[in-house]
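final28.txt (compact mmCIF, C-alpha atoms and all ligand atoms)
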# COMPACT_ATOMS: atom_id res chain seq x y z
CA MET A 1 1.11 8.56 -91.15
CA HIS A 2 -1.02 11.70 -91.36
CA ILE A 3 -2.15 12.27 -94.91
CA LEU A 4 -4.02 15.39 -95.90
CA VAL A 5 -5.65 15.79 -99.33
CA GLN A 6 -5.95 19.36 -100.57
CA LYS A 7 -8.08 20.01 -103.65
CA PHE A 8 -7.76 23.31 -105.48
CA GLY A 9 -10.53 24.37 -107.87
CA GLY A 10 -10.27 26.29 -111.13
CA THR A 11 -10.32 29.84 -109.77
CA SER A 12 -7.78 28.93 -107.10
CA LEU A 13 -5.28 28.19 -109.89
CA SER A 14 -6.27 30.78 -112.48
CA THR A 15 -3.80 33.63 -111.82
CA SER A 16 -0.27 33.78 -110.54
CA GLU A 17 -1.54 35.64 -107.48
CA ALA A 18 -4.06 32.86 -106.77
CA ARG A 19 -1.35 30.24 -107.20
CA GLU A 20 0.75 32.04 -104.59
CA HIS A 21 -2.15 31.56 -102.16
CA VAL A 22 -2.26 27.89 -103.10
CA ILE A 23 1.43 27.51 -102.36
CA SER A 24 1.01 29.21 -98.97
CA HIS A 25 -1.66 26.64 -97.97
CA ILE A 26 0.63 23.82 -99.11
CA ARG A 27 3.57 25.23 -97.18
CA ARG A 28 1.51 25.72 -94.02
CA GLU A 29 0.27 22.12 -93.97
CA LEU A 30 3.75 20.76 -94.70
CA ASP A 31 4.94 22.78 -91.71
CA ASN A 32 2.09 21.21 -89.72
CA GLY A 33 3.68 17.83 -90.46
CA TYR A 34 1.20 16.43 -92.98
CA GLN A 35 2.02 14.24 -95.93
CA LEU A 36 0.31 16.14 -98.68
CA VAL A 37 -1.56 14.95 -101.74
CA ILE A 38 -2.78 17.80 -103.92
CA VAL A 39 -5.68 17.34 -106.37
CA VAL A 40 -6.04 20.06 -108.98
CA SER A 41 -8.73 21.17 -111.42
CA ALA A 42 -8.02 22.84 -114.76
CA MET A 43 -7.03 26.50 -114.41
CA GLY A 44 -9.73 29.15 -114.45
CA ARG A 45 -13.31 29.27 -115.66
CA LYS A 46 -15.10 29.74 -118.98
CA GLY A 47 -13.08 32.03 -121.25
CA ASP A 48 -9.73 31.33 -119.57
CA PRO A 49 -7.18 29.73 -121.92
CA TYR A 50 -6.81 26.26 -120.36
CA ALA A 51 -10.14 25.92 -118.53
CA THR A 52 -12.34 22.87 -119.09
CA ASP A 53 -15.05 25.02 -120.69
CA THR A 54 -12.48 26.35 -123.15
CA LEU A 55 -11.48 22.81 -124.04
CA LEU A 56 -15.17 21.97 -124.48
CA ASP A 57 -15.46 24.91 -126.90
CA LEU A 58 -12.57 23.44 -128.86
CA ILE A 59 -14.39 20.13 -129.04
CA GLU A 60 -17.51 21.94 -130.24
CA GLN A 61 -15.46 23.51 -133.01
CA THR A 62 -14.78 20.05 -134.40
CA GLY A 63 -18.43 19.98 -135.40
CA GLY A 64 -19.49 17.09 -133.20
CA SER A 65 -17.32 14.59 -135.03
CA LEU A 66 -14.71 13.94 -132.36
CA SER A 67 -15.25 10.54 -130.76
CA SER A 68 -15.99 10.41 -127.05
CA ARG A 69 -12.69 8.66 -126.36
CA GLU A 70 -10.74 11.46 -128.03
CA GLN A 71 -12.92 14.11 -126.36
CA ASP A 72 -11.86 12.76 -122.97
CA LEU A 73 -8.25 12.69 -124.05
CA LEU A 74 -8.50 16.37 -124.90
CA LEU A 75 -10.34 17.24 -121.66
CA CYS A 76 -7.67 15.51 -119.56
CA CYS A 77 -5.14 18.11 -120.77
CA GLY A 78 -6.61 20.89 -118.60
CA GLU A 79 -5.66 19.23 -115.32
CA ILE A 80 -2.31 18.04 -116.68
CA ILE A 81 -1.42 21.65 -117.50
CA SER A 82 -2.40 23.04 -114.09
CA ALA A 83 -0.69 20.20 -112.19
CA SER A 84 2.53 20.67 -114.13
CA VAL A 85 2.53 24.45 -113.66
CA LEU A 86 1.97 24.03 -109.93
CA SER A 87 4.79 21.51 -109.74
CA GLY A 88 7.18 23.98 -111.37
CA LEU A 89 6.13 26.78 -109.02
CA LEU A 90 6.60 24.56 -105.97
CA GLN A 91 10.03 23.46 -107.18
CA HIS A 92 10.98 27.12 -107.57
CA GLN A 93 10.17 27.60 -103.89
CA GLY A 94 12.12 24.56 -102.79
CA ILE A 95 9.20 22.12 -102.47
CA SER A 96 9.69 18.91 -104.46
CA SER A 97 6.75 17.18 -106.11
CA THR A 98 5.70 14.50 -108.56
CA VAL A 99 2.73 14.94 -110.89
CA LEU A 100 0.55 11.88 -111.45
CA THR A 101 -2.29 11.65 -113.97
CA GLY A 102 -5.54 10.14 -112.76
CA ALA A 103 -4.52 6.85 -114.33
CA GLN A 104 -1.10 6.89 -112.67
CA ALA A 105 -2.68 7.73 -109.34
CA GLY A 106 -4.78 4.56 -109.60
CA PHE A 107 -8.24 5.84 -110.55
CA ARG A 108 -10.07 3.04 -112.33
CA THR A 109 -13.41 3.92 -113.86
CA ASP A 110 -16.12 2.45 -116.03
CA SER A 111 -16.11 3.26 -119.75
CA GLN A 112 -18.71 6.01 -119.83
CA PHE A 113 -16.55 8.67 -121.46
CA GLY A 114 -17.39 12.19 -120.31
CA ASN A 115 -19.20 11.03 -117.20
CA ALA A 116 -17.30 8.00 -115.96
CA ARG A 117 -17.90 6.50 -112.55
CA ILE A 118 -15.00 5.59 -110.30
CA LEU A 119 -14.82 1.82 -109.73
CA ASP A 120 -11.93 1.98 -107.30
CA VAL A 121 -8.72 3.80 -106.52
CA VAL A 122 -5.49 1.86 -106.07
CA PRO A 123 -3.10 4.53 -104.86
CA SER A 124 0.13 2.50 -104.57
CA ARG A 125 2.04 4.87 -106.84
CA VAL A 126 0.85 7.87 -104.81
CA LEU A 127 2.17 6.27 -101.63
CA GLU A 128 5.47 5.41 -103.29
CA GLU A 129 5.98 8.97 -104.53
CA LEU A 130 5.00 10.41 -101.15
CA GLU A 131 8.05 8.68 -99.71
CA LYS A 132 10.33 10.38 -102.22
CA LYS A 133 8.91 13.88 -102.60
CA ASP A 134 7.49 16.62 -100.41
CA VAL A 135 4.10 16.48 -102.13
CA VAL A 136 2.29 14.47 -104.79
CA ILE A 137 0.10 16.37 -107.25
CA VAL A 138 -2.74 14.42 -108.85
CA THR A 139 -4.78 15.63 -111.81
CA GLY A 140 -8.44 15.70 -110.79
CA PHE A 141 -11.49 14.85 -112.91
CA GLN A 142 -9.92 11.86 -114.65
CA GLY A 143 -9.10 8.19 -114.54
CA GLN A 144 -8.70 5.26 -116.87
CA ASN A 145 -11.05 2.46 -117.80
CA LEU A 146 -10.08 -1.18 -117.57
CA ASN A 147 -8.61 -1.03 -121.10
CA GLY A 148 -6.30 1.79 -120.08
CA GLU A 149 -8.23 4.51 -121.94
CA PHE A 150 -8.38 7.96 -120.32
CA THR A 151 -11.82 8.89 -119.01
CA THR A 152 -13.25 12.00 -117.35
CA LEU A 153 -15.68 12.13 -114.46
CA GLY A 154 -18.09 14.90 -115.51
CA ARG A 155 -18.81 18.31 -113.95
CA GLY A 156 -17.44 18.77 -110.46
CA GLY A 157 -15.37 15.61 -110.98
CA SER A 158 -12.28 16.94 -109.23
CA ASP A 159 -14.21 17.08 -105.95
CA THR A 160 -14.98 13.40 -106.41
CA SER A 161 -11.33 12.68 -107.26
CA ALA A 162 -10.30 14.35 -104.01
CA THR A 163 -12.63 12.48 -101.68
CA ALA A 164 -12.15 9.13 -103.47
CA LEU A 165 -8.40 9.49 -103.17
CA GLY A 166 -8.78 10.63 -99.55
CA ALA A 167 -10.79 7.49 -98.84
CA ALA A 168 -8.30 5.20 -100.60
CA LEU A 169 -5.37 6.77 -98.71
CA ARG A 170 -7.30 6.82 -95.41
CA ALA A 171 -6.49 10.50 -95.21
CA GLU A 172 -7.20 12.40 -92.03
CA MET A 173 -9.12 15.09 -93.89
CA VAL A 174 -9.95 16.34 -97.37
CA ASP A 175 -9.73 20.10 -97.82
CA ILE A 176 -11.69 21.51 -100.77
CA TYR A 177 -10.27 24.95 -101.53
CA THR A 178 -12.45 27.26 -103.59
CA ASP A 179 -13.30 30.94 -104.05
CA VAL A 180 -15.82 31.29 -101.20
CA ASN A 181 -15.45 31.04 -97.43
CA GLY A 182 -17.03 27.60 -97.15
CA ILE A 183 -20.55 26.33 -97.60
CA LEU A 184 -22.93 29.22 -97.33
CA THR A 185 -26.63 29.40 -96.61
CA ALA A 186 -27.18 30.28 -100.30
CA ASP A 187 -25.18 31.01 -103.43
CA PRO A 188 -23.40 34.30 -102.59
CA ARG A 189 -23.54 35.34 -106.24
CA ILE A 190 -27.29 35.75 -105.79
CA VAL A 191 -27.88 36.22 -102.07
CA GLU A 192 -25.35 38.80 -100.96
CA ASP A 193 -25.82 38.32 -97.23
CA ALA A 194 -25.46 34.52 -97.38
CA ARG A 195 -23.55 33.30 -94.34
CA ALA A 196 -20.82 30.66 -94.09
CA LEU A 197 -21.89 27.64 -92.05
CA PRO A 198 -19.17 26.52 -89.61
CA HIS A 199 -20.27 22.89 -89.80
CA VAL A 200 -22.79 20.81 -91.74
CA SER A 201 -23.57 17.12 -91.79
CA TYR A 202 -22.86 15.02 -94.89
CA ALA A 203 -26.61 14.63 -95.38
CA GLU A 204 -27.27 18.38 -95.25
CA ILE A 205 -24.67 19.32 -97.86
CA CYS A 206 -25.52 16.31 -100.00
CA ASN A 207 -29.10 17.56 -100.17
CA MET A 208 -28.02 21.10 -100.90
CA ALA A 209 -25.65 19.91 -103.62
CA TYR A 210 -28.32 17.74 -105.24
CA GLN A 211 -30.68 20.72 -105.21
CA GLY A 212 -28.17 22.80 -107.14
CA ALA A 213 -25.63 24.27 -104.68
CA LYS A 214 -22.57 23.96 -106.87
CA VAL A 215 -19.99 24.46 -104.17
CA ILE A 216 -19.22 20.73 -103.95
CA HIS A 217 -20.30 17.75 -106.01
CA PRO A 218 -22.82 15.50 -104.21
CA ARG A 219 -21.02 12.33 -105.30
CA ALA A 220 -17.88 13.62 -103.59
CA VAL A 221 -19.83 14.02 -100.36
CA GLU A 222 -21.33 10.53 -100.63
CA ILE A 223 -17.89 8.97 -100.96
CA ALA A 224 -16.58 10.89 -97.96
CA MET A 225 -19.67 9.93 -95.96
CA GLN A 226 -19.24 6.23 -96.77
CA SER A 227 -15.66 6.26 -95.57
CA GLY A 228 -16.26 8.68 -92.72
CA ILE A 229 -13.60 11.16 -93.84
CA PRO A 230 -14.27 14.74 -92.82
CA ILE A 231 -14.19 17.44 -95.49
CA ARG A 232 -13.41 21.10 -95.00
CA VAL A 233 -14.68 23.48 -97.67
CA ARG A 234 -12.61 26.64 -97.42
CA SER A 235 -11.28 29.62 -99.30
CA THR A 236 -7.95 29.69 -101.08
CA PHE A 237 -7.92 33.44 -100.56
CA SER A 238 -8.14 33.56 -96.77
CA ASN A 239 -6.98 31.59 -93.78
CA SER A 240 -10.45 31.00 -92.38
CA GLU A 241 -11.31 27.44 -91.40
CA GLY A 242 -14.35 27.34 -93.67
CA THR A 243 -17.02 24.68 -93.24
CA LEU A 244 -16.44 21.30 -91.64
CA VAL A 245 -18.51 18.52 -93.21
CA ALA A 246 -18.79 15.41 -91.05
CA ASN A 247 -21.28 13.24 -89.21
CA PRO A 248 -23.08 15.19 -86.48
CA GLU A 249 -21.04 13.25 -83.87
CA GLY A 250 -17.98 14.86 -85.45
CA PHE A 251 -19.18 18.19 -84.11
CA LYS A 252 -19.12 17.30 -80.46
CA ASP A 253 -16.10 19.52 -79.95
CA VAL A 254 -17.85 22.36 -81.68
CA GLN A 255 -19.70 24.85 -79.55
CA THR A 256 -23.03 25.01 -81.35
CA GLY A 257 -24.94 21.91 -82.32
CA VAL A 258 -26.07 21.17 -85.83
CA VAL A 259 -29.14 19.20 -84.90
CA ASP A 260 -31.26 22.09 -83.67
CA ARG A 261 -31.12 23.86 -87.04
CA TYR A 262 -34.22 23.24 -89.04
CA VAL A 263 -33.34 25.11 -92.21
CA THR A 264 -29.74 24.80 -93.45
CA GLY A 265 -29.89 26.73 -96.67
CA ILE A 266 -31.56 27.60 -99.94
CA ALA A 267 -30.58 26.30 -103.37
CA TYR A 268 -31.87 26.48 -106.92
CA VAL A 269 -31.87 24.84 -110.28
CA GLY A 270 -32.65 27.27 -113.10
CA ASN A 271 -33.57 26.30 -116.66
CA VAL A 272 -36.37 23.84 -116.14
CA THR A 273 -39.61 23.42 -118.07
CA GLN A 274 -42.92 22.41 -116.57
CA ILE A 275 -44.98 19.94 -118.57
CA THR A 276 -48.64 19.23 -117.87
CA VAL A 277 -50.54 16.37 -119.49
CA GLN A 278 -54.25 16.19 -118.69
CA SER A 279 -57.17 14.11 -119.80
CA SER A 280 -60.79 15.21 -119.53
CA GLU A 281 -61.70 12.39 -117.15
CA PRO A 282 -59.89 10.27 -114.53
CA SER A 283 -57.46 8.01 -116.34
CA LYS A 284 -56.82 5.29 -113.72
CA GLY A 285 -53.06 5.47 -114.17
CA ASN A 286 -52.98 4.68 -117.86
CA LEU A 287 -52.01 8.13 -119.07
CA GLN A 288 -49.48 8.59 -116.26
CA LEU A 289 -47.79 5.29 -117.01
CA LYS A 290 -47.56 6.00 -120.75
CA VAL A 291 -46.05 9.44 -120.15
CA PHE A 292 -43.35 8.29 -117.74
CA GLN A 293 -42.50 5.21 -119.79
CA ALA A 294 -42.04 7.39 -122.86
CA MET A 295 -39.77 9.77 -120.97
CA ALA A 296 -37.71 6.89 -119.59
CA GLU A 297 -37.37 5.19 -122.98
CA ASN A 298 -36.01 8.42 -124.39
CA ALA A 299 -33.62 8.99 -121.46
CA ILE A 300 -35.31 12.26 -120.46
CA SER A 301 -34.91 12.76 -116.75
CA VAL A 302 -38.05 13.96 -115.02
CA ASP A 303 -38.38 15.75 -111.73
CA PHE A 304 -40.95 17.46 -109.53
CA ILE A 305 -43.64 14.94 -110.37
CA ASN A 306 -47.23 15.46 -109.24
CA VAL A 307 -49.75 12.84 -110.27
CA THR A 308 -53.44 13.77 -110.15
CA PRO A 309 -56.48 11.65 -111.02
CA THR A 310 -56.70 13.26 -114.45
CA GLY A 311 -53.05 13.65 -115.39
CA VAL A 312 -49.50 14.53 -114.52
CA VAL A 313 -47.37 17.61 -113.98
CA TYR A 314 -43.60 17.31 -114.03
CA THR A 315 -40.45 19.15 -115.02
CA VAL A 316 -37.59 18.43 -117.39
CA PHE A 317 -34.44 20.43 -118.14
CA ASP A 318 -35.05 23.16 -120.73
CA SER A 319 -32.60 21.36 -123.00
CA ASP A 320 -34.91 18.30 -123.10
CA ALA A 321 -38.19 20.22 -123.39
CA ARG A 322 -38.57 20.24 -127.16
CA LYS A 323 -37.85 16.53 -127.40
CA ALA A 324 -40.28 15.72 -124.57
CA SER A 325 -43.00 17.80 -126.14
CA SER A 326 -42.72 16.22 -129.56
CA ILE A 327 -42.72 12.73 -128.06
CA LEU A 328 -45.93 13.51 -126.16
CA GLU A 329 -47.56 14.99 -129.26
CA SER A 330 -46.62 11.97 -131.32
CA MET A 331 -48.46 9.88 -128.70
CA GLY A 332 -51.59 11.95 -129.25
CA PHE A 333 -51.36 14.08 -126.08
CA LEU A 334 -51.72 17.83 -125.97
CA PRO A 335 -49.06 18.79 -123.42
CA GLN A 336 -48.98 22.25 -121.90
CA ILE A 337 -45.40 23.46 -121.88
CA LEU A 338 -44.18 26.21 -119.56
CA SER A 339 -40.52 26.92 -120.20
CA GLY A 340 -38.27 29.29 -118.25
CA CYS A 341 -38.98 27.97 -114.76
CA ALA A 342 -36.69 27.55 -111.77
CA LYS A 343 -36.80 25.11 -108.90
CA VAL A 344 -36.10 26.76 -105.57
CA SER A 345 -35.41 24.50 -102.57
CA VAL A 346 -35.44 25.10 -98.84
CA ILE A 347 -33.22 22.45 -97.28
CA GLY A 348 -32.83 21.33 -93.71
CA GLY A 349 -32.60 18.14 -91.72
CA GLY A 350 -35.13 19.47 -89.23
CA ILE A 351 -37.92 20.37 -91.63
CA ASN A 352 -39.73 17.13 -91.02
CA GLY A 353 -42.94 17.69 -89.16
CA VAL A 354 -42.17 21.26 -88.08
CA PRO A 355 -45.48 23.07 -88.46
CA GLY A 356 -45.65 26.31 -90.36
CA ILE A 357 -42.65 25.99 -92.67
CA MET A 358 -44.75 25.77 -95.80
CA ALA A 359 -46.84 28.69 -94.54
CA LYS A 360 -43.65 30.72 -94.13
CA ILE A 361 -42.55 29.90 -97.66
CA VAL A 362 -45.91 30.85 -99.15
CA GLU A 363 -45.92 34.04 -97.11
CA ALA A 364 -42.39 35.03 -98.18
CA LEU A 365 -43.22 34.56 -101.84
CA ALA A 366 -46.68 36.13 -101.64
CA GLU A 367 -45.18 39.25 -100.04
CA GLN A 368 -43.09 39.64 -103.20
CA GLY A 369 -46.02 38.85 -105.49
CA ILE A 370 -44.30 35.67 -106.68
CA GLN A 371 -46.52 32.93 -108.03
CA ILE A 372 -45.83 29.35 -106.96
CA LEU A 373 -46.35 27.10 -109.98
CA GLN A 374 -45.93 23.83 -108.14
CA SER A 375 -44.62 22.58 -104.82
CA ALA A 376 -43.52 19.36 -103.15
CA ASP A 377 -41.80 18.32 -99.97
CA SER A 378 -39.81 15.53 -98.36
CA ASN A 379 -38.54 15.21 -94.81
CA THR A 380 -35.46 17.29 -95.65
CA THR A 381 -36.49 19.61 -98.46
CA ILE A 382 -39.37 21.78 -99.64
CA TRP A 383 -39.36 22.64 -103.33
CA VAL A 384 -41.24 25.36 -105.13
CA LEU A 385 -41.33 25.96 -108.84
CA VAL A 386 -41.39 29.62 -109.90
CA ASN A 387 -40.90 31.57 -113.10
CA LYS A 388 -37.23 32.03 -113.82
CA GLU A 389 -37.57 35.82 -113.69
CA ASP A 390 -38.80 35.51 -110.09
CA MET A 391 -36.00 33.20 -109.00
CA VAL A 392 -33.50 35.71 -107.62
CA GLN A 393 -36.20 37.57 -105.70
CA ALA A 394 -37.60 34.27 -104.38
CA LEU A 395 -34.19 33.13 -103.12
CA ARG A 396 -33.56 36.43 -101.37
CA ALA A 397 -37.04 36.53 -99.84
CA LEU A 398 -36.76 32.99 -98.48
CA HIS A 399 -33.27 33.62 -97.15
CA THR A 400 -34.57 36.63 -95.25
CA LYS A 401 -37.76 34.92 -94.07
CA PHE A 402 -35.82 32.05 -92.51
CA GLU A 403 -33.33 34.50 -90.96
CA LEU A 404 -30.40 32.67 -92.52
CA ALA A 405 -28.18 35.73 -92.64
CA HIS A 406 -27.79 35.93 -88.86
P1 LIG B 1 -14.24 25.48 -107.88
O1 LIG B 1 -13.73 25.92 -109.21
O2 LIG B 1 -13.34 25.87 -106.77
O3 LIG B 1 -14.61 24.02 -107.86
P2 LIG B 1 -17.06 26.11 -108.03
O4 LIG B 1 -17.45 27.22 -108.94
O5 LIG B 1 -17.28 24.71 -108.49
O6 LIG B 1 -15.52 26.34 -107.62
O7 LIG B 1 -17.79 26.28 -106.62
C1 LIG B 1 -17.72 27.49 -105.91
C2 LIG B 1 -18.94 28.36 -106.22
O8 LIG B 1 -20.12 27.71 -105.78
C3 LIG B 1 -18.95 29.67 -105.50
O9 LIG B 1 -18.24 30.66 -106.19
C4 LIG B 1 -20.45 29.99 -105.37
O10 LIG B 1 -20.86 30.95 -106.32
C5 LIG B 1 -21.14 28.69 -105.72
N1 LIG B 1 -22.16 28.30 -104.72
C6 LIG B 1 -23.43 27.93 -105.01
N2 LIG B 1 -24.11 27.66 -103.88
C7 LIG B 1 -23.25 27.85 -102.85
C8 LIG B 1 -23.37 27.69 -101.43
N3 LIG B 1 -24.51 27.30 -100.83
N4 LIG B 1 -22.29 27.96 -100.67
C9 LIG B 1 -21.13 28.35 -101.25
N5 LIG B 1 -20.97 28.51 -102.58
C10 LIG B 1 -22.01 28.26 -103.38
MG MG B 2 -16.33 22.88 -108.37
Show the structure stored in the file as C-alpha cells.
Amino acid sequence: MHILVQKFGGTSLSTSEAREHVISHIRRELDNGYQLVIVVSAMGRKGDPYATDTLLDLIEQTGGSLSSREQDLLLCCGEIISASVLSGLLQHQGISSTVLTGAQAGFRTDSQFGNARILDVVPSRVLEELEKKDVVIVTGFQGQNLNGEFTTLGRGGSDTSATALGAALRAEMVDIYTDVNGILTADPRIVEDARALPHVSYAEICNMAYQGAKVIHPRAVEIAMQSGIPIRVRSTFSNSEGTLVANPEGFKDVQTGVVDRYVTGIAYVGNVTQITVQSSEPSKGNLQLKVFQAMAENAISVDFINVTPTGVVYTVFDSDARKASSILESMGFLPQILSGCAKVSVIGGGINGVPGIMAKIVEALAEQGIQILQSADSNTTIWVLVNKEDMVQALRALHTKFELAH
C-alpha cells in the first residue's frame, strides 16, 4: 500500500481559485496510484472569515472569560469548516471522501489545551475509510485528550498533524503544500532574492525552524526525522517539486550533495528584549543563579544567555519584558532593559570550525553600519542580536554576503 499524506495550509485553501489548485494536486496523486490522506488547516490568514486568527479574535471578544476547554472547542471549528468545504468540492468533481476530526482520526494528546502534545496516533478509522473512499480528509491542528475532550496543538500544529499521521500510517511521503516554492534560504517576504533549496536535511530545517523560519513547524520535522519519513515542502500554486527534507543519505540520487554546504539559510525572531543585570564586583555565580531561578519560577523563557564574571545578559520575548523587569526590581536589581531587538541567525550544518564565518558576519553588518548588540554560536548556528529597525537590512546583507541567492 502506498500512502501519501498531503497537508494544505491556510492560504492554499483560502479562495476558490486556490482550492482548485488543491484539487488538481489531489487528482494528480490519485492518478499516480497513491492512497491519499489529506490534512487541512483552517482557511486563510488573519482577517479571513474562518481563519484561526479570526477565531482567536472571537475568543478575545469574550473578555478572557472563556475556559481553555471551550476555547479549544471553538478553535477546532476552523479546520472542520475547511475540511468539509473541500470534501464537497471533491465530491462535485467525482472524488469521494470522508472527513475525520482529529479525534476520529486517532490523535490522542495530553490535556494542555491550546498547546497540546501528541501522545500517539491510532489511525484505524483512517485506514478503514481509505478502503471505502477515494481520499480521507483529516482536520489538522487538533486531537482529543484521554477524557475525550477536544484539544488543539498550537501554532503550526497542522504540520505536526501531517507528519504524525504520516508516521502512524507509515506513509511513503508527507507533502506540505504552502504558498512558497519550498524551503528558501530566507523568508521571501523580507529577502526578495531568497532561493528555494532543492533538498535539506532534517537537522538543517529543524534548526532553521527553531530560529524562526515559519515555513514548517520544528516539531513536525522532529517527528518525521524519528520515523524516517521524507517530507516535501512545495507550493500549491505551481507544479514544482519544492524542497525534499530527508536524511542526507536520502539525497544520494540527487545530483548535488548537501554536506558541502556550510551555510543553509538565514532566519530571524523579531520582538525580543535584551536584559542586562550587573553587579559592581564579581559575583561568583550568586547573582546569575538568582536571576535565572526567578525567571524559571515565573515561567519566563530566556534565550541568548551570556554570563560574565559580574553579571548576565539575556533576552526574553517583548511580551514578557515588563514582567521580567519588575521581578528583577523587586529582587533589588537594577536591570538595563533594551526592548525592540531582533535575533538574526545564520544556520548551517557546516559552520562548525570553518574559520572566518564570524568575520564575514561582522563585516556584512559593519558595512551597513549595523551594531551587533550580542552574539553567540553553536556548531550549527551563529546568532546576532540587533535593533529591530536594523533587522531587515541585516538579513539582506547576510544573505548577500554568504551568496545564498545563487
Ligand atoms: P501555511 O499556511 O501554508 O502553513 P505559513 O505561513 O505557515 O503557511 O508558512 C509559509 C510562509 O513561511 C511563507 O509564506 C514565508 O513567508 C514564510 N517563511 C519564513 N521563512 C521561510 C523560509 N526560509 N523558506 C520559505 N518560507 C519561509
Ligand atoms: Mg504553517
- Between atom CA of A:Ile216 and atom CA of A:Gly348, distance in Å (one decimal):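 Atom CA of A:Gly348 lies 17.0 Å from atom CA of A:Ile216.
Nearest to A:Gly148 of all the residues A:Ser111, A:Ser345, A:Gln35, A:Ser161 is A:Ser111, based on all atoms listed in the file.
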- Query: Which residues, written as a ChimeraX atom specification, have at least one atom at most 8 Å from stretch 53-55 of chain A, with only C-alpha atoms counted and residues fewer than 5 positions away on the same chain left out?
  - Reply: /A:45-48,74-75,78
- Separation of atom CA of A:Leu197 and atom CA of A:Met225, in Å?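 Result for atom CA of A:Leu197 versus atom CA of A:Met225: 18.3 Å, one decimal.
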- Enter the distance from atom CA of A:Pro198 to atom CA of A:Thr243, in Å, rounded to one decimal.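 Answer for the atom CA of A:Pro198 to atom CA of A:Thr243 separation: 4.6 Å.
Checking A:Ala105, A:Ile38, A:Ala116, A:Ala294 one by one against A:Asp72, counting all atoms listed in the file, you find the shortest gap at A:Ala116.
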Using only C-alpha atoms and all ligand atoms, find each residue of chain A with at least one atom at most 8 Å away from an atom of ligand MG 2 (chain B); report its shortest atom-to-atom pair and that distance in Å (one decimal), sort the rows by chain and rising residue number, and return the result as JSON lines.
{"residue": "A:Gly9", "atom": "CA", "partner": "B:MG2", "partner_atom": "MG", "distance": 6.0}
{"residue": "A:Gly10", "atom": "CA", "partner": "B:MG2", "partner_atom": "MG", "distance": 7.5}
{"residue": "A:Arg155", "atom": "CA", "partner": "B:MG2", "partner_atom": "MG", "distance": 7.6}
{"residue": "A:Gly156", "atom": "CA", "partner": "B:MG2", "partner_atom": "MG", "distance": 4.7}
{"residue": "A:Gly157", "atom": "CA", "partner": "B:MG2", "partner_atom": "MG", "distance": 7.8}
{"residue": "A:Ser158", "atom": "CA", "partner": "B:MG2", "partner_atom": "MG", "distance": 7.2}
{"residue": "A:Asp159", "atom": "CA", "partner": "B:MG2", "partner_atom": "MG", "distance": 6.6}
{"residue": "A:Thr178", "atom": "CA", "partner": "B:MG2", "partner_atom": "MG", "distance": 7.6}
{"residue": "A:Lys214", "atom": "CA", "partner": "B:MG2", "partner_atom": "MG", "distance": 6.5}
{"residue": "A:Val215", "atom": "CA", "partner": "B:MG2", "partner_atom": "MG", "distance": 5.8}
{"residue": "A:Ile216", "atom": "CA", "partner": "B:MG2", "partner_atom": "MG", "distance": 5.7}
{"residue": "A:His217", "atom": "CA", "partner": "B:MG2", "partner_atom": "MG", "distance": 6.9}
Using only C-alpha atoms and all ligand atoms, find each residue with an atom at most 7 Å away from ligand LIG 1 (chain B) and format the answer as a short mmCIF file (atom, residue, chain, number, x, y, z; two decimals) with C-alpha atoms, in the frame of the given file.
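Listing of pocket07.cif after writing:
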data_model
loop_
_atom_site.label_atom_id
_atom_site.label_comp_id
_atom_site.auth_asym_id
_atom_site.auth_seq_id
_atom_site.Cartn_x
_atom_site.Cartn_y
_atom_site.Cartn_z
CA PHE A 8 -7.76 23.31 -105.48
CA GLY A 9 -10.53 24.37 -107.87
CA GLY A 10 -10.27 26.29 -111.13
CA THR A 11 -10.32 29.84 -109.77
CA SER A 12 -7.78 28.93 -107.10
CA GLY A 156 -17.44 18.77 -110.46
CA TYR A 177 -10.27 24.95 -101.53
CA THR A 178 -12.45 27.26 -103.59
CA ASP A 179 -13.30 30.94 -104.05
CA VAL A 180 -15.82 31.29 -101.20
CA GLY A 182 -17.03 27.60 -97.15
CA ILE A 183 -20.55 26.33 -97.60
CA LEU A 184 -22.93 29.22 -97.33
CA THR A 185 -26.63 29.40 -96.61
CA ALA A 186 -27.18 30.28 -100.30
CA ASP A 187 -25.18 31.01 -103.43
CA PRO A 188 -23.40 34.30 -102.59
CA ARG A 189 -23.54 35.34 -106.24
CA ALA A 213 -25.63 24.27 -104.68
CA LYS A 214 -22.57 23.96 -106.87
CA VAL A 215 -19.99 24.46 -104.17
CA ILE A 216 -19.22 20.73 -103.95
CA GLY A 265 -29.89 26.73 -96.67
CA ALA A 267 -30.58 26.30 -103.37
#
- Using all atoms listed in the file, determine which residues lie at most 12 Å from A:Leu90, disregarding the query and same-chain residues fewer than 4 positions distant; provide the list as an NGL selection string. :A and (19-27 or 38 or 83-86 or 94-99 or 133-137)
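Closest approach to A:Leu404 among A:Thr310, A:Thr151, A:Thr264, A:Gln374 is made by A:Thr264 (distances from only C-alpha atoms).
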- List the neighbours of A:Thr160 out to 9 Å using all atoms listed in the file; skip same-chain residues closer than 6 positions along the sequence, and give me the result as a list of chain:residue names. A:Ile118, A:Gly140, A:Phe141, A:Leu153, A:Ile216, A:His217, A:Pro218, A:Arg219, A:Ala220, A:Val221, A:Ile223, A:Ala224
- Using only C-alpha atoms, the residue out of A:Thr308, A:Asn247, A:Thr400, A:Asn352 with shortest distance to A:Asn286 is A:Thr308
- Selected residue, from A:Leu100, A:Ile190, A:Leu89, A:Met358, that lies nearest to A:Ser16 when counting all atoms listed in the file: A:Leu89
- Protein/DNA/RNA residues near (-10.7, 19.4, -96.0), cut 8 Å, only C-alpha atoms, as a list in words: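 It turns out the residues near that spot are Leu4, Val5, Gln6, Met173, Val174, Asp175, Ile176, Tyr177, Pro230, Ile231, Arg232, Val233, Arg234 and Leu244 of chain A.
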Go ahead and write the selection's residues with C-alpha atoms as a compact mmCIF listing (two decimals), in the coordinates of the input.
# COMPACT_ATOMS: atom_id res chain seq x y z
CA LEU A 4 -4.02 15.39 -95.90
CA VAL A 5 -5.65 15.79 -99.33
CA GLN A 6 -5.95 19.36 -100.57
CA MET A 173 -9.12 15.09 -93.89
CA VAL A 174 -9.95 16.34 -97.37
CA ASP A 175 -9.73 20.10 -97.82
CA ILE A 176 -11.69 21.51 -100.77
CA TYR A 177 -10.27 24.95 -101.53
CA PRO A 230 -14.27 14.74 -92.82
CA ILE A 231 -14.19 17.44 -95.49
CA ARG A 232 -13.41 21.10 -95.00
CA VAL A 233 -14.68 23.48 -97.67
CA ARG A 234 -12.61 26.64 -97.42
CA LEU A 244 -16.44 21.30 -91.64
